[in-house]
Each structure stands twice: as C-alpha cells, then as structure tokens.
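Data from model.cif: mmCIF, C-alpha atoms and all ligand atoms
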```
data_upload
#
loop_
_atom_site.label_atom_id
_atom_site.label_comp_id
_atom_site.auth_asym_id
_atom_site.auth_seq_id
_atom_site.Cartn_x
_atom_site.Cartn_y
_atom_site.Cartn_z
CA MET A 498 63.97 302.74 114.18
CA LEU A 499 60.45 304.08 114.12
CA SER A 500 58.69 304.54 117.43
CA GLU A 501 55.46 302.70 118.12
CA LYS A 502 53.70 306.04 117.95
CA LEU A 503 54.90 306.63 114.42
CA LYS A 504 54.17 303.07 113.39
CA SER A 505 50.58 303.59 114.47
CA PHE A 506 50.20 306.05 111.59
CA ILE A 507 51.19 303.58 108.94
CA ASN A 508 47.90 301.73 108.62
CA PRO A 509 45.77 304.90 108.48
CA ILE A 510 48.13 306.34 105.86
CA ILE A 511 47.76 303.21 103.76
CA ASP A 512 43.98 303.41 104.14
CA PHE A 513 43.84 307.04 103.04
CA CYS A 514 46.10 306.46 100.10
CA SER A 515 44.09 303.45 99.03
CA LEU A 516 41.04 305.68 98.62
CA GLU A 517 42.68 307.35 95.65
CA PHE A 518 42.72 304.24 93.54
CA PRO A 519 42.19 303.33 90.78
CA LYS A 520 44.42 306.12 89.52
CA LYS A 521 45.64 306.87 86.03
CA CYS A 522 48.96 308.32 84.98
CA SER A 523 48.12 311.44 82.96
CA CYS A 524 51.14 310.88 80.77
CA CYS A 525 51.13 307.24 79.63
CA GLU A 526 47.56 306.45 80.78
CA THR A 527 48.67 303.42 82.73
CA GLU A 528 45.94 302.62 85.19
CA TYR A 529 46.92 301.58 88.67
CA VAL A 530 44.09 299.52 90.05
CA ASP A 531 45.06 299.76 93.68
CA PHE A 532 47.71 301.06 96.03
CA LYS A 533 49.62 297.78 96.05
CA HIS A 534 49.80 297.73 92.27
CA PHE A 535 50.92 301.35 92.30
CA ILE A 536 53.68 300.75 94.87
CA GLU A 537 54.92 297.72 92.96
CA GLN A 538 55.08 299.53 89.63
CA THR A 539 56.43 302.91 90.61
CA THR A 540 59.67 304.24 92.00
CA PRO A 541 59.73 306.58 94.98
CA ILE A 542 61.46 309.81 94.09
CA GLY A 543 62.67 313.05 95.50
CA SER A 544 63.05 313.89 99.05
CA VAL A 545 61.00 316.80 100.10
CA THR A 546 58.72 319.18 98.28
CA GLY A 547 60.77 322.32 98.45
CA GLY A 548 58.01 324.63 97.37
CA THR A 549 58.32 327.29 94.72
CA PRO A 550 60.05 330.66 95.14
CA ASP A 551 56.85 332.58 94.46
CA GLY A 552 55.10 330.66 97.23
CA SER A 553 52.41 329.20 94.99
CA VAL A 554 53.42 325.76 96.27
CA LYS A 555 54.22 325.61 99.95
CA ARG A 556 57.17 323.70 101.27
CA ASP A 557 55.88 320.37 102.45
CA ILE A 558 58.10 317.82 104.11
CA PHE A 559 55.57 315.14 103.31
CA GLY A 560 56.32 315.29 99.62
CA ILE A 561 58.68 312.48 100.46
CA LEU A 562 55.78 310.15 101.10
CA SER A 563 53.72 310.98 98.08
CA TRP A 564 55.94 311.59 95.06
CA VAL A 565 56.68 308.69 92.78
CA ASN A 566 57.79 308.06 89.25
CA CYS A 567 55.48 306.18 86.96
CA ALA A 568 57.16 303.50 84.83
CA CYS A 569 56.98 305.99 81.95
CA GLY A 570 59.12 308.40 83.90
CA SER A 571 56.54 311.02 84.65
CA THR A 572 56.00 312.17 88.20
CA MET A 573 52.82 311.27 90.00
CA ILE A 574 51.62 312.49 93.35
CA ILE A 575 49.39 310.70 95.78
CA SER A 576 47.70 313.22 97.96
CA CYS A 577 46.74 310.83 100.71
CA MET A 578 47.69 313.32 103.40
CA ASP A 579 44.99 315.75 102.40
CA VAL A 580 42.13 313.47 103.26
CA GLN A 581 42.09 314.32 106.92
CA LYS A 582 43.74 317.60 107.75
CA GLY A 583 43.63 316.94 111.48
CA MET A 584 45.60 313.78 111.22
CA TYR A 585 48.09 315.39 108.89
CA GLN A 586 48.84 318.02 111.54
CA ILE A 587 49.27 315.45 114.31
CA PHE A 588 51.44 313.27 112.13
CA LYS A 589 53.60 316.25 111.24
CA GLU A 590 54.16 317.09 114.90
CA VAL A 591 55.00 313.50 115.78
CA VAL A 592 57.53 313.29 112.95
CA ILE A 593 59.17 316.56 113.95
CA ASN A 594 59.33 315.54 117.62
CA GLU A 595 60.71 312.16 116.71
CA ALA A 596 63.42 313.76 114.59
CA GLN A 597 64.45 315.94 117.52
CA THR A 598 64.49 312.99 119.92
CA GLN A 599 66.64 310.95 117.57
CA ASN A 600 68.79 313.93 116.70
CA THR A 601 68.05 313.55 113.03
CA THR A 602 65.96 315.29 110.38
CA PRO A 603 62.24 314.85 109.64
CA GLU A 604 63.31 313.80 106.15
CA THR A 605 65.19 310.81 107.56
CA ILE A 606 62.20 309.76 109.62
CA LEU A 607 59.91 310.13 106.61
CA ASN A 608 62.22 308.02 104.50
CA GLU A 609 61.94 305.26 107.07
CA ILE A 610 58.17 305.55 107.08
CA ARG A 611 58.06 305.41 103.31
CA GLN A 612 60.13 302.23 103.33
CA GLU A 613 57.94 300.74 106.01
CA ILE A 614 54.77 301.54 104.07
CA ARG A 615 56.10 300.09 100.84
CA GLN A 616 57.34 296.94 102.55
CA LYS A 617 54.07 296.46 104.32
CA ILE A 618 52.04 296.78 101.13
CA VAL A 619 54.07 294.49 98.94
CA SER A 620 54.61 291.79 101.57
ZN ZN A 701 53.00 306.99 83.19
#
```

How does this structure look as structure tokens?
Ligand SMILES: [Zn+2]
Amino acid sequence: MLSEKLKSFINPIIDFCSLEFPKKCSCCETEYVDFKHFIEQTTPIGSVTGGTPDGSVKRDIFGILSWVNCACGSTMIISCMDVQKGMYQIFKEVVINEAQTQNTTPETILNEIRQEIRQKIVS
C-alpha cells in the first residue's frame, strides 16, 4: 500500500510527464499524442536503471517509472523526473524512507507507483 504522502506525488508526476507529449518513437516513428495514449500503447519494462560500468550513466532507481517498450519493441524513456530537480530529490527521499518503513526495497515501492500511475491514466 502506498502512503498518502507518496500518493500525493502521483498527480504532479503525471503532469510533468504529460509535458513531454506528443512524443515520437525514434525507431518506428509512431507518434504518441498524449501520455494516456502512450501508456495505453506501450509496455512498462525493466526494473531499475543500473547505470553503466564506466559511470557515464548514473544508477537511477527511477528508471522503473520511465522506461517503456514501444509497440515496435524499441525502448523509450520518458524523462518526466528531470523537469523539476527539487521535486525529484524530495520524491526520492520519500520513496527510500517508505521502503525502510515497510521493510521493502525502493524498487517495490516504485513498482506500486508505476501501477498506480498507469491505472489512474487509463481509467
Ligand atoms: Zn516504436
């Protein structure tokens, strides 16, 4: 179960992500007109951005929220978290605290948030 505090991030996250649309898949050129369309047509993938060994990509637990597969199979990333760095930091802390409180991992919490976001958008 997500805490009320975490749930309060869901609407702002949806708002930020929505700003990125319309968005085009660079592989098959499918255009996603809005976030809802995107969520309906794509499959969430991966768990967590593990980063690269050389450090050129930092490990980011929020990869779980933003990586999806286009219908063509290519990976697309929504970078909604980058819009407001301040909020990203707060959100990160809340997720990590919540994971500790529930004796689980941030990844589990983020999976729940992802489900919640997707459900909210398509409903
Ligand atoms: Zn595609």

Could you pull out the residues sitting within 6 Å of ligand ZN 701 (chain A), using only C-alpha atoms and all ligand atoms, and write them as a list of chain:residue names?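 Every residue with an atom at most 6 Å from ligand ZN 701 (chain A) is listed here: A:Cys522, A:Cys524, A:Cys525, A:Glu526, A:Thr527, A:Cys567, A:Ala568, A:Cys569, A:Ser571.
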
Kindly indicate which residue among A:Met584, A:Gln597, A:Arg611, A:Glu604 lies nearest to Pro509 (chain A), using all atoms listed in the file for the distances. A:Met584

Choose the residue, out of A:Gln599, A:Asn566, A:Ser505, A:Met498, that has the smallest atom-to-atom separation from Ile587 (chain A); count all atoms listed in the file. A:Ser505

Mind checking which residues fall within 7 Å of Glu537 (chain A), counting only C-alpha atoms, ignoring those fewer than 3 positions away in the same chain, and posting them as a list in words? Lys533, His534 and Val619 of chain A

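Distance-wise, CA of Phe506 (chain A) and CA of Ile542 (chain A) end up 21.1 Å apart.
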